[in-house]
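The structure file target.cif is reproduced below (mmCIF, C-alpha atoms).
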```
data_protein
#
loop_
_atom_site.label_atom_id
_atom_site.label_comp_id
_atom_site.auth_asym_id
_atom_site.auth_seq_id
_atom_site.Cartn_x
_atom_site.Cartn_y
_atom_site.Cartn_z
CA MET A 86 199.41 -51.42 70.99
CA THR A 87 199.83 -53.06 74.40
CA THR A 88 201.62 -50.17 76.11
CA TYR A 89 201.30 -46.40 76.08
CA LYS A 90 203.38 -43.46 77.27
CA VAL A 91 202.65 -41.10 80.14
CA ALA A 92 204.52 -38.03 81.39
CA GLN A 93 204.50 -38.54 85.15
CA VAL A 94 205.88 -36.98 88.31
CA THR A 95 206.92 -39.50 90.95
CA ALA A 96 207.34 -37.16 93.95
CA SER A 97 206.01 -33.76 95.01
CA GLY A 98 207.62 -31.03 92.92
CA GLY A 99 209.72 -33.58 91.05
CA PRO A 100 210.65 -33.60 87.38
CA PHE A 101 208.52 -35.07 84.64
CA GLU A 102 209.61 -38.41 83.28
CA ILE A 103 208.28 -40.54 80.45
CA SER A 104 207.07 -43.97 81.49
CA GLU A 105 205.33 -46.82 79.68
CA ARG A 106 202.27 -48.59 81.05
CA GLU A 107 200.00 -51.42 80.02
CA VAL A 108 196.95 -50.22 78.10
CA PRO A 109 193.96 -50.54 80.50
CA GLU A 110 190.43 -51.70 79.77
CA PRO A 111 187.67 -49.16 80.49
CA GLY A 112 185.30 -50.15 83.27
CA PRO A 113 181.51 -49.80 83.31
CA ARG A 114 180.30 -46.34 82.15
CA HIS A 115 183.88 -45.39 81.24
CA VAL A 116 185.70 -44.99 77.94
CA ARG A 117 189.30 -45.14 76.86
CA ILE A 118 190.40 -42.09 74.90
CA ALA A 119 193.33 -41.91 72.51
CA VAL A 120 194.69 -38.50 73.51
CA GLU A 121 195.64 -36.18 70.67
CA ALA A 122 196.26 -32.99 72.66
CA CYS A 123 196.24 -31.80 76.27
CA GLY A 124 196.61 -28.23 77.47
CA VAL A 125 198.95 -27.35 80.34
CA CYS A 126 197.03 -25.38 82.96
CA HIS A 127 198.42 -23.57 86.00
CA SER A 128 196.09 -25.69 88.14
CA ASP A 129 198.21 -28.72 87.19
CA SER A 130 200.75 -27.39 89.68
CA PHE A 131 198.29 -28.20 92.49
CA PHE A 132 198.73 -31.88 91.67
CA VAL A 133 202.42 -31.85 90.76
CA ASN A 134 203.22 -30.15 94.08
CA ALA A 135 200.67 -32.12 96.16
CA ALA A 136 198.98 -28.85 97.14
CA LEU A 137 195.60 -30.57 97.47
CA PRO A 138 194.58 -33.45 99.74
CA GLY A 139 194.54 -37.01 98.47
CA ILE A 140 197.31 -36.70 95.88
CA ASP A 141 198.93 -40.07 95.19
CA PHE A 142 202.20 -40.41 93.29
CA PRO A 143 203.10 -41.00 90.58
CA VAL A 144 200.91 -38.19 89.22
CA VAL A 145 199.86 -37.94 85.59
CA ALA A 146 198.45 -34.41 85.34
CA GLY A 147 196.41 -32.82 82.55
CA HIS A 148 192.75 -31.78 82.51
CA GLU A 149 192.43 -30.12 79.08
CA ILE A 150 192.15 -33.34 77.12
CA ALA A 151 191.11 -33.76 73.48
CA GLY A 152 191.09 -37.02 71.57
CA ARG A 153 189.00 -39.85 70.17
CA ILE A 154 187.11 -42.60 71.95
CA GLU A 155 189.04 -45.80 71.41
CA GLN A 156 187.03 -48.28 73.45
CA LEU A 157 183.77 -48.19 75.43
CA GLY A 158 183.19 -49.93 78.72
CA GLU A 159 179.96 -51.66 79.62
CA GLY A 160 176.98 -49.31 79.46
CA ALA A 161 178.90 -46.39 77.92
CA GLN A 162 177.05 -46.80 74.62
CA ASN A 163 173.80 -46.02 76.44
CA TRP A 164 175.03 -42.43 76.76
CA GLY A 165 175.13 -42.04 72.98
CA TRP A 166 178.86 -42.47 72.45
CA GLN A 167 180.68 -44.73 70.04
CA ALA A 168 184.25 -45.55 69.11
CA GLY A 169 185.83 -42.83 66.98
CA ASP A 170 183.87 -39.94 68.49
CA ARG A 171 185.96 -36.82 69.08
CA VAL A 172 185.69 -35.72 72.72
CA THR A 173 187.17 -33.50 75.38
CA VAL A 174 187.51 -33.94 79.13
CA GLY A 175 188.17 -30.88 81.28
CA TRP A 176 188.41 -29.90 84.96
CA PHE A 177 184.99 -31.48 85.27
CA GLY A 178 186.02 -35.11 85.03
CA GLY A 179 182.83 -36.61 86.39
CA SER A 180 180.59 -36.30 89.44
CA CYS A 181 179.34 -38.65 92.13
CA GLY A 182 175.63 -38.15 91.44
CA HIS A 183 174.55 -38.55 95.07
CA CYS A 184 175.85 -35.54 97.06
CA ALA A 185 173.57 -32.57 97.78
CA PRO A 186 174.84 -30.41 94.87
CA CYS A 187 174.50 -33.31 92.43
CA ARG A 188 170.96 -34.05 93.62
CA GLN A 189 170.20 -30.38 92.94
CA GLY A 190 171.69 -30.66 89.44
CA ASP A 191 174.69 -28.47 90.31
CA PHE A 192 177.30 -31.00 89.24
CA ILE A 193 180.30 -28.66 88.91
CA VAL A 194 180.35 -28.12 92.68
CA CYS A 195 179.96 -31.84 93.44
CA THR A 196 181.57 -32.49 96.81
CA ASN A 197 183.27 -35.55 95.28
CA LEU A 198 184.18 -33.92 91.96
CA LYS A 199 186.46 -36.07 89.81
CA VAL A 200 189.30 -34.04 88.32
CA PRO A 201 191.74 -35.64 85.85
CA GLY A 202 195.20 -35.67 87.37
CA TRP A 203 193.74 -35.77 90.87
CA SER A 204 190.97 -38.36 90.93
CA TYR A 205 192.46 -40.42 88.10
CA ASP A 206 195.33 -40.21 85.61
CA GLY A 207 195.10 -37.13 83.43
CA GLY A 208 195.88 -36.30 79.83
CA PHE A 209 199.66 -35.93 79.89
CA ALA A 210 199.57 -39.33 78.22
CA GLU A 211 198.75 -41.19 75.03
CA ARG A 212 195.69 -42.81 76.62
CA VAL A 213 193.25 -41.86 79.38
CA ILE A 214 190.27 -43.60 80.98
CA ALA A 215 187.36 -41.23 81.78
CA PRO A 216 183.74 -41.60 82.93
CA VAL A 217 181.08 -40.97 80.31
CA ASP A 218 179.52 -38.03 82.16
CA ALA A 219 182.80 -36.13 81.70
CA LEU A 220 182.69 -36.20 77.89
CA ALA A 221 181.91 -33.27 75.58
CA ARG A 222 181.69 -33.63 71.82
CA ILE A 223 184.16 -31.68 69.65
CA PRO A 224 182.69 -29.93 66.58
CA ASP A 225 184.27 -30.97 63.29
CA SER A 226 185.67 -27.49 62.67
CA LEU A 227 187.76 -27.45 65.87
CA ALA A 228 191.23 -28.99 65.92
CA ALA A 229 192.26 -31.03 68.96
CA ASN A 230 194.91 -28.42 69.87
CA ASP A 231 192.14 -25.81 70.13
CA ALA A 232 189.50 -27.99 71.77
CA GLY A 233 191.69 -29.20 74.65
CA PRO A 234 192.28 -25.79 76.30
CA MET A 235 188.60 -24.92 75.88
CA ALA A 236 187.65 -27.80 78.22
CA CYS A 237 189.05 -25.81 81.16
CA ALA A 238 190.29 -22.32 80.29
CA GLY A 239 187.62 -21.78 77.66
CA VAL A 240 184.60 -23.03 79.58
CA THR A 241 185.66 -21.18 82.73
CA VAL A 242 185.58 -17.74 81.10
CA PHE A 243 182.67 -18.53 78.76
CA ASN A 244 180.52 -19.78 81.62
CA GLY A 245 181.66 -16.98 83.91
CA LEU A 246 180.43 -14.42 81.41
CA ARG A 247 177.17 -16.04 80.37
CA ARG A 248 176.17 -16.64 84.00
CA SER A 249 177.00 -13.08 84.98
CA SER A 250 174.54 -10.19 85.27
CA ALA A 251 175.85 -8.54 82.08
CA ARG A 252 173.63 -8.22 79.03
CA PRO A 253 174.54 -7.32 75.43
CA GLY A 254 175.64 -3.68 75.26
CA ASP A 255 176.88 -3.60 78.87
CA LEU A 256 180.46 -2.62 79.66
CA VAL A 257 182.40 -5.74 80.66
CA ALA A 258 186.05 -5.72 81.67
CA VAL A 259 188.42 -8.69 81.50
CA LEU A 260 191.34 -8.44 83.92
CA GLY A 261 194.41 -10.15 82.49
CA ILE A 262 195.32 -11.25 78.96
CA GLY A 263 196.79 -14.67 79.61
CA GLY A 264 195.70 -18.26 79.19
CA LEU A 265 192.22 -17.43 80.49
CA GLY A 266 191.94 -13.74 79.66
CA HIS A 267 192.83 -13.92 75.96
CA LEU A 268 189.81 -16.20 75.55
CA GLY A 269 187.68 -14.09 77.88
CA VAL A 270 188.15 -11.01 75.70
CA GLN A 271 187.11 -12.95 72.59
CA TYR A 272 183.99 -14.37 74.27
CA ALA A 273 182.99 -11.02 75.77
CA ALA A 274 183.15 -9.32 72.39
CA ALA A 275 181.26 -12.16 70.67
CA MET A 276 178.52 -12.01 73.32
CA GLY A 277 177.85 -8.40 72.44
CA PHE A 278 179.46 -6.72 75.44
CA GLU A 279 181.37 -3.44 75.20
CA THR A 280 184.64 -5.09 76.08
CA VAL A 281 187.52 -3.66 78.11
CA ALA A 282 190.82 -5.54 78.38
CA ILE A 283 192.99 -4.74 81.41
CA ALA A 284 196.64 -5.79 81.47
CA ARG A 285 200.14 -4.58 82.32
CA GLY A 286 201.99 -2.49 79.75
CA ALA A 287 201.12 -0.45 76.69
CA ALA A 288 202.53 -3.14 74.40
CA LYS A 289 199.46 -5.33 74.92
CA ALA A 290 197.04 -2.75 73.54
CA ASP A 291 197.33 -4.00 69.96
CA LEU A 292 196.82 -7.61 71.05
CA ALA A 293 193.73 -6.60 73.03
CA LYS A 294 192.22 -4.94 69.97
CA GLN A 295 193.06 -7.96 67.81
CA LEU A 296 191.19 -10.16 70.27
CA GLY A 297 188.14 -7.92 69.96
CA ALA A 298 188.43 -5.46 72.85
CA HIS A 299 186.86 -2.04 72.33
CA HIS A 300 189.02 -0.45 75.03
CA TYR A 301 192.38 -1.17 76.63
CA VAL A 302 193.46 -0.17 80.13
CA ASP A 303 197.16 -0.31 80.97
CA SER A 304 197.27 -0.96 84.71
CA THR A 305 200.83 0.44 84.88
CA ALA A 306 200.03 3.76 83.16
CA GLY A 307 199.48 5.73 86.38
CA THR A 308 195.70 6.17 86.25
CA PRO A 309 194.04 3.80 88.73
CA VAL A 310 192.20 0.97 86.98
CA ALA A 311 188.98 1.82 88.82
CA ASP A 312 189.15 5.42 87.59
CA ALA A 313 189.74 4.25 84.02
CA LEU A 314 186.65 2.02 84.20
CA THR A 315 184.59 4.80 85.77
CA SER A 316 185.56 7.15 82.95
CA LEU A 317 184.03 4.63 80.53
CA GLY A 318 180.78 4.61 82.50
CA GLY A 319 181.58 1.88 85.00
CA ALA A 320 181.74 -1.85 84.40
CA LYS A 321 178.65 -3.98 84.83
CA VAL A 322 180.96 -6.98 85.23
CA VAL A 323 184.67 -7.44 85.81
CA LEU A 324 185.87 -10.93 84.92
CA ALA A 325 189.05 -11.33 86.97
CA THR A 326 191.21 -13.92 85.24
CA ALA A 327 194.54 -12.80 86.73
CA GLY A 328 195.59 -14.63 89.89
CA ASP A 329 196.60 -11.39 91.62
CA SER A 330 194.52 -10.32 94.62
CA GLU A 331 195.81 -6.75 94.59
CA ALA A 332 194.97 -6.31 90.90
CA ILE A 333 191.53 -7.87 91.42
CA ALA A 334 190.70 -5.61 94.36
CA ALA A 335 191.80 -2.55 92.37
CA THR A 336 188.89 -3.01 89.96
CA VAL A 337 186.04 -2.93 92.50
CA ASP A 338 185.52 0.85 92.59
CA GLY A 339 185.30 0.74 88.79
CA LEU A 340 182.10 -1.30 88.94
CA THR A 341 178.86 0.51 88.27
CA HIS A 342 175.93 0.30 90.69
CA ARG A 343 174.83 -3.32 91.09
CA GLY A 344 178.04 -4.28 89.35
CA GLU A 345 179.52 -7.75 89.72
CA LEU A 346 183.09 -8.94 90.23
CA VAL A 347 183.45 -12.51 88.92
CA VAL A 348 186.63 -14.09 90.28
CA ILE A 349 188.18 -17.01 88.40
CA GLY A 350 191.90 -16.24 88.84
CA ALA A 351 193.01 -18.61 91.61
CA THR A 352 195.27 -17.27 94.36
CA PRO A 353 195.51 -17.94 98.12
CA GLU A 354 196.00 -14.26 98.98
CA PRO A 355 192.96 -12.48 100.49
CA LEU A 356 191.19 -9.71 98.61
CA GLY A 357 191.64 -6.25 100.13
CA ILE A 358 188.02 -5.12 99.71
CA SER A 359 185.99 -3.32 102.36
CA PRO A 360 182.28 -3.91 103.05
CA PHE A 361 181.78 -0.19 102.41
CA GLN A 362 182.89 -0.61 98.79
CA LEU A 363 180.21 -3.25 98.28
CA ILE A 364 177.32 -1.85 100.29
CA THR A 365 177.13 1.67 98.88
CA GLY A 366 176.78 0.53 95.26
CA GLY A 367 175.03 -2.77 95.93
CA ARG A 368 177.97 -4.58 94.35
CA VAL A 369 178.49 -8.35 94.30
CA ILE A 370 181.60 -10.54 94.40
CA ARG A 371 181.21 -14.08 93.09
CA GLY A 372 183.65 -16.93 92.76
CA HIS A 373 183.11 -18.97 89.62
CA PRO A 374 184.23 -22.58 89.06
CA SER A 375 184.69 -24.18 85.66
CA GLY A 376 181.71 -25.93 84.04
CA THR A 377 180.17 -29.33 83.41
CA SER A 378 180.67 -31.38 80.27
CA ARG A 379 177.45 -29.83 78.89
CA ASP A 380 178.94 -26.39 79.52
CA VAL A 381 182.13 -27.47 77.76
CA GLN A 382 180.13 -28.60 74.74
CA ASP A 383 178.28 -25.26 74.70
CA THR A 384 181.67 -23.52 74.80
CA LEU A 385 183.03 -25.58 71.92
CA GLU A 386 179.93 -24.98 69.78
CA PHE A 387 179.92 -21.23 70.49
CA SER A 388 183.63 -21.07 69.66
CA ALA A 389 183.14 -22.93 66.40
CA LEU A 390 180.26 -20.63 65.44
CA HIS A 391 182.14 -17.40 66.19
CA GLY A 392 185.63 -18.40 65.07
CA ILE A 393 187.09 -18.18 68.58
CA ARG A 394 190.33 -20.08 69.12
CA PRO A 395 192.97 -20.18 71.86
CA VAL A 396 196.51 -19.07 71.08
CA THR A 397 198.58 -22.21 71.65
CA GLU A 398 202.15 -23.49 71.59
CA PRO A 399 202.02 -27.21 70.73
CA VAL A 400 204.94 -29.40 71.84
CA PRO A 401 205.41 -33.19 71.88
CA LEU A 402 204.44 -35.18 74.99
CA ASP A 403 208.12 -35.98 75.53
CA GLN A 404 208.67 -32.27 76.30
CA ALA A 405 206.07 -32.13 79.07
CA GLY A 406 208.61 -30.89 81.61
CA GLU A 407 209.74 -28.01 79.44
CA ALA A 408 206.16 -27.04 78.60
CA TYR A 409 205.17 -27.11 82.29
CA GLN A 410 208.10 -24.88 83.28
CA LYS A 411 207.33 -22.42 80.49
CA MET A 412 203.74 -22.24 81.73
CA LEU A 413 204.92 -21.62 85.31
CA SER A 414 207.28 -18.86 84.20
CA GLY A 415 204.46 -16.96 82.51
CA ALA A 416 206.30 -17.07 79.18
CA ALA A 417 203.68 -19.22 77.41
CA ARG A 418 201.66 -17.44 74.71
CA PHE A 419 199.09 -18.36 75.79
CA ARG A 420 198.50 -22.07 76.29
CA MET A 421 201.12 -24.79 76.12
CA VAL A 422 199.60 -27.91 74.56
CA LEU A 423 201.12 -31.40 74.63
CA THR A 424 200.54 -33.44 71.48
CA THR A 425 200.91 -37.14 70.79
CA GLY A 426 200.93 -37.07 66.99
#
```

Before we go any further, please render this structure as structure tokens.
Amino acid sequence: MTTYKVAQVTASGGPFEISEREVPEPGPRHVRIAVEACGVCHSDSFFVNAALPGIDFPVVAGHEIAGRIEQLGEGAQNWGWQAGDRVTVGWFGGSCGHCAPCRQGDFIVCTNLKVPGWSYDGGFAERVIAPVDALARIPDSLAANDAGPMACAGVTVFNGLRRSSARPGDLVAVLGIGGLGHLGVQYAAAMGFETVAIARGAAKADLAKQLGAHHYVDSTAGTPVADALTSLGGAKVVLATAGDSEAIAATVDGLTHRGELVVIGATPEPLGISPFQLITGGRVIRGHPSGTSRDVQDTLEFSALHGIRPVTEPVPLDQAGEAYQKMLSGAARFRMVLTTG
């Protein structure tokens, strides 16, 4: 094969179109991946709409990539990879290695973080070139359709929970049952937390229980969410996956003393939280980014061990535009995934 297909956007906010390109050679410490699946994340809209600095068009988005290594560039084999290995690449698409966070070993907050779709062409394509430090190995028991979304959505909630102050037996609430939250509930239950799912509408109660939640709070039922959490003893941690500042702020008074609000739902709107709410109970608010390739591999292995899978809607790469619009509308259940097979 001398050419491959990409689903690209040629101008800010423009439509997706299928284009063919020459198959590139991977450079030093890079590999070429034959993409099998790529999740469609809401963060892809940052690139499609040029909402971040340094966006160059045409844009090939996609940072929930799963596939097989097709070719190794010079030196890539020294990292233990070989052709045919099944790998993912997520939001963490490589780091610079020389900024202050990298020198401290905190690669996910690298000041020059490489994100597929922003720093280089992403996975809405049949091929992608990625640096070796971005690769995570896919366990044999995970299908590509499942592994792709775990490289961003999965690792974000998994890492957010395991790096929180909660310990097995603690009450942990997951705000939102969407692309992030439906995985967060599964991970929270598997980690041994008494798990509360918070969402809009009584109809989601059965889904919450199927995902492993011990309790369900309907945020539209009339009882304030904070009161509902307090009646359960107060949450040690609230993992806020919904990108809704008002809904996030409404959980704070439901935290127990020394409780922690972990924010991963991205929104530009400020949080309406007073210092008084934090000081009196010694509460903490923490923003949590995604995770490194090592964190992604931990996520994949934990998921394989505990039977955790994302709920996906696979569609062919040619339907990238339709999948993206369905994601934006909130109608996806719960992760649109582009496939090349």

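Counting from atom CA of A:Thr315, the distance to atom CA of A:Ala258 is 11.4 Å.
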
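Look at A:Gly233: the protein and nucleic acid residues within 6 Å of it, using only C-alpha atoms and passing over chain neighbours fewer than 6 places away, are Cys123, Gly124, Glu149, Ile150 and Ala151 of chain A.
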
Using C-alpha atoms, can you write the selected residues to a file as a short mmCIF file (atom, residue, chain, number, x, y, z; two decimals), in the frame of the given file?
```
data_model
loop_
_atom_site.label_atom_id
_atom_site.label_comp_id
_atom_site.auth_asym_id
_atom_site.auth_seq_id
_atom_site.Cartn_x
_atom_site.Cartn_y
_atom_site.Cartn_z
CA CYS A 123 196.24 -31.80 76.27
CA GLY A 124 196.61 -28.23 77.47
CA GLU A 149 192.43 -30.12 79.08
CA ILE A 150 192.15 -33.34 77.12
CA ALA A 151 191.11 -33.76 73.48
#
```

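Taken over the whole file, the PyMOL selection byres ((chain A and resi 161-167) around 10) covers exactly Pro111, Gly112, Pro113, Arg114, His115, Val116, Arg153, Ile154, Glu155, Gln156, Leu157, Gly158, Glu159, Gly160, Ala168, Gly169, Asp170, Arg171, Val172, Pro216, Val217, Asp218, Leu220 and Arg222 of chain A.
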
Report summary line: Of A:Thr365, A:Ser375, A:Gln93, A:Ser250, the one sitting nearest A:Gly175 when using all atoms listed in the file is A:Ser375

I'd like the neighbourhood of stretch 190-194 of chain A as a PDB file with C-alpha atoms, in the frame of the given file, where a residue qualifies if any of its atoms comes within 9 Å (using only C-alpha atoms), though same-chain residues fewer than 3 positions away should be ignored.
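Once everything was written out, this is out23.pdb:
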```pdb
ATOM      1  CA  PHE A 177     184.990 -31.480  85.270  1.00  0.00           C
ATOM      2  CA  GLY A 179     182.830 -36.610  86.390  1.00  0.00           C
ATOM      3  CA  SER A 180     180.590 -36.300  89.440  1.00  0.00           C
ATOM      4  CA  CYS A 181     179.340 -38.650  92.130  1.00  0.00           C
ATOM      5  CA  GLY A 182     175.630 -38.150  91.440  1.00  0.00           C
ATOM      6  CA  ALA A 185     173.570 -32.570  97.780  1.00  0.00           C
ATOM      7  CA  PRO A 186     174.840 -30.410  94.870  1.00  0.00           C
ATOM      8  CA  CYS A 187     174.500 -33.310  92.430  1.00  0.00           C
ATOM      9  CA  ASN A 197     183.270 -35.550  95.280  1.00  0.00           C
ATOM     10  CA  LEU A 198     184.180 -33.920  91.960  1.00  0.00           C
ATOM     11  CA  PRO A 374     184.230 -22.580  89.060  1.00  0.00           C
ATOM     12  CA  SER A 375     184.690 -24.180  85.660  1.00  0.00           C
ATOM     13  CA  GLY A 376     181.710 -25.930  84.040  1.00  0.00           C
ATOM     14  CA  THR A 377     180.170 -29.330  83.410  1.00  0.00           C
TER      15      THR A 377
END
```

Query raised in the report: What lies within 9 Å of A:Ala232 using all atoms listed in the file, ignoring chain neighbours under 3 positions off, as a PyMOL selection string?
Result: chain A and resi 122-123+149-151+172-173+223-224+227-229+235-236+239+385+394-395

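Comparing A:Ile262, A:Cys195, A:Ala416, A:Val257 by their smallest distance to A:Gly318, the closest is A:Val257 (using only C-alpha atoms).
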
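Proximity ranking of A:Ala320, A:Val125, A:Ile118, A:Leu296 relative to A:Glu398 places A:Val125 first, based on only C-alpha atoms.
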
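The residue that comes closest to A:Met276, out of A:Ala136, A:Val242, A:Val400, A:Ala311 and on the basis of only C-alpha atoms, is A:Val242.
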
Requested in this report: Give me the result of the PyMOL selection byres ((chain A and resi 334) around 12) on this file, residue by residue, as number ranges by chain.
Outcome: A: 260, 309-311, 323-325, 327-333, 335-340, 346-348, 354-359, 362-363, 370

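Closest to A:Thr326 among A:Ala351, A:Ala251, A:Ala288, A:Ile214 is A:Ala351, based on only C-alpha atoms.
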
Show me as a PDB file with C-alpha atoms, in the coordinates of the input the residues that reach within 9 Å of (202.1, -40.9, 82.1), counting all atoms listed in the file and using the file's own coordinates.
```pdb
ATOM      1  CA  TYR A  89     201.300 -46.400  76.080  1.00  0.00           C
ATOM      2  CA  LYS A  90     203.380 -43.460  77.270  1.00  0.00           C
ATOM      3  CA  VAL A  91     202.650 -41.100  80.140  1.00  0.00           C
ATOM      4  CA  ALA A  92     204.520 -38.030  81.390  1.00  0.00           C
ATOM      5  CA  GLN A  93     204.500 -38.540  85.150  1.00  0.00           C
ATOM      6  CA  VAL A  94     205.880 -36.980  88.310  1.00  0.00           C
ATOM      7  CA  GLU A 102     209.610 -38.410  83.280  1.00  0.00           C
ATOM      8  CA  ILE A 103     208.280 -40.540  80.450  1.00  0.00           C
ATOM      9  CA  SER A 104     207.070 -43.970  81.490  1.00  0.00           C
ATOM     10  CA  GLU A 105     205.330 -46.820  79.680  1.00  0.00           C
ATOM     11  CA  ARG A 106     202.270 -48.590  81.050  1.00  0.00           C
ATOM     12  CA  PRO A 143     203.100 -41.000  90.580  1.00  0.00           C
ATOM     13  CA  VAL A 144     200.910 -38.190  89.220  1.00  0.00           C
ATOM     14  CA  VAL A 145     199.860 -37.940  85.590  1.00  0.00           C
ATOM     15  CA  ALA A 146     198.450 -34.410  85.340  1.00  0.00           C
ATOM     16  CA  ASP A 206     195.330 -40.210  85.610  1.00  0.00           C
ATOM     17  CA  GLY A 207     195.100 -37.130  83.430  1.00  0.00           C
ATOM     18  CA  GLY A 208     195.880 -36.300  79.830  1.00  0.00           C
ATOM     19  CA  PHE A 209     199.660 -35.930  79.890  1.00  0.00           C
ATOM     20  CA  ALA A 210     199.570 -39.330  78.220  1.00  0.00           C
ATOM     21  CA  GLU A 211     198.750 -41.190  75.030  1.00  0.00           C
ATOM     22  CA  ARG A 212     195.690 -42.810  76.620  1.00  0.00           C
TER      23      ARG A 212
END
```

Query raised in the report: Mind telling me what the PyMOL selection byres ((chain A and resi 298) around 12) catches here, as number ranges by chain?
Result: A: 256-260, 262, 266-284, 289-297, 299-302

Given 4 Å of margin on each side, can you work out the centre and size in Å (one decimal) of an axis-aligned box holding every listed atom of stretch 170-186 of chain A, as lines of an AutoDock Vina configuration file?
```
center_x = 181.0
center_y = -34.9
center_z = 83.1
size_x = 22.8
size_y = 18.0
size_z = 37.3
```

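The spacing separating atom CA of A:Ser249 from atom CA of A:Cys184 amounts to 25.5 Å.
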
Report summary line: With distances taken over all atoms listed in the file, the candidate from A:Gly98, A:Gly152, A:Pro138, A:Gly344 nearest A:Leu423 is A:Gly152

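Atom CA of A:Asp383 is found 14.3 Å from atom CA of A:Ser226.
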
**Report entry** Non-local contacts of stretch 401-405 of chain A (6 Å; only C-alpha atoms; under 2 positions in same chain excluded) as a PyMOL selection string
**Finding:** chain A and resi 407-408+423-425

Could stretch 305-310 of chain A be completed with all heavy atoms and returned as a short mmCIF file (atom, residue, chain, number, x, y, z; two decimals), keeping the file's coordinate frame?
```cif
data_model
loop_
_atom_site.label_atom_id
_atom_site.label_comp_id
_atom_site.auth_asym_id
_atom_site.auth_seq_id
_atom_site.Cartn_x
_atom_site.Cartn_y
_atom_site.Cartn_z
N THR A 305 199.57 -0.17 84.42
CA THR A 305 200.83 0.44 84.88
C THR A 305 200.95 1.90 84.43
O THR A 305 201.98 2.54 84.69
CB THR A 305 202.04 -0.34 84.34
OG1 THR A 305 202.10 -0.21 82.90
CG2 THR A 305 201.94 -1.81 84.70
N ALA A 306 199.93 2.43 83.78
CA ALA A 306 200.03 3.76 83.16
C ALA A 306 199.95 4.91 84.15
O ALA A 306 200.22 6.05 83.79
CB ALA A 306 198.96 3.92 82.10
N GLY A 307 199.56 4.66 85.38
CA GLY A 307 199.48 5.73 86.38
C GLY A 307 198.05 6.03 86.81
O GLY A 307 197.80 6.34 87.97
N THR A 308 197.11 5.97 85.89
CA THR A 308 195.70 6.17 86.25
C THR A 308 195.18 4.90 86.90
O THR A 308 195.31 3.81 86.33
CB THR A 308 194.86 6.46 84.99
OG1 THR A 308 195.36 7.64 84.36
CG2 THR A 308 193.40 6.67 85.36
N PRO A 309 194.59 4.99 88.10
CA PRO A 309 194.04 3.80 88.73
C PRO A 309 193.05 3.09 87.82
O PRO A 309 192.27 3.73 87.10
CB PRO A 309 193.36 4.34 89.99
CG PRO A 309 194.08 5.62 90.30
CD PRO A 309 194.45 6.20 88.97
N VAL A 310 193.08 1.76 87.83
CA VAL A 310 192.20 0.97 86.98
C VAL A 310 190.74 1.33 87.23
O VAL A 310 189.95 1.46 86.30
CB VAL A 310 192.45 -0.53 87.19
CG1 VAL A 310 191.37 -1.37 86.52
CG2 VAL A 310 193.82 -0.92 86.65
#
```
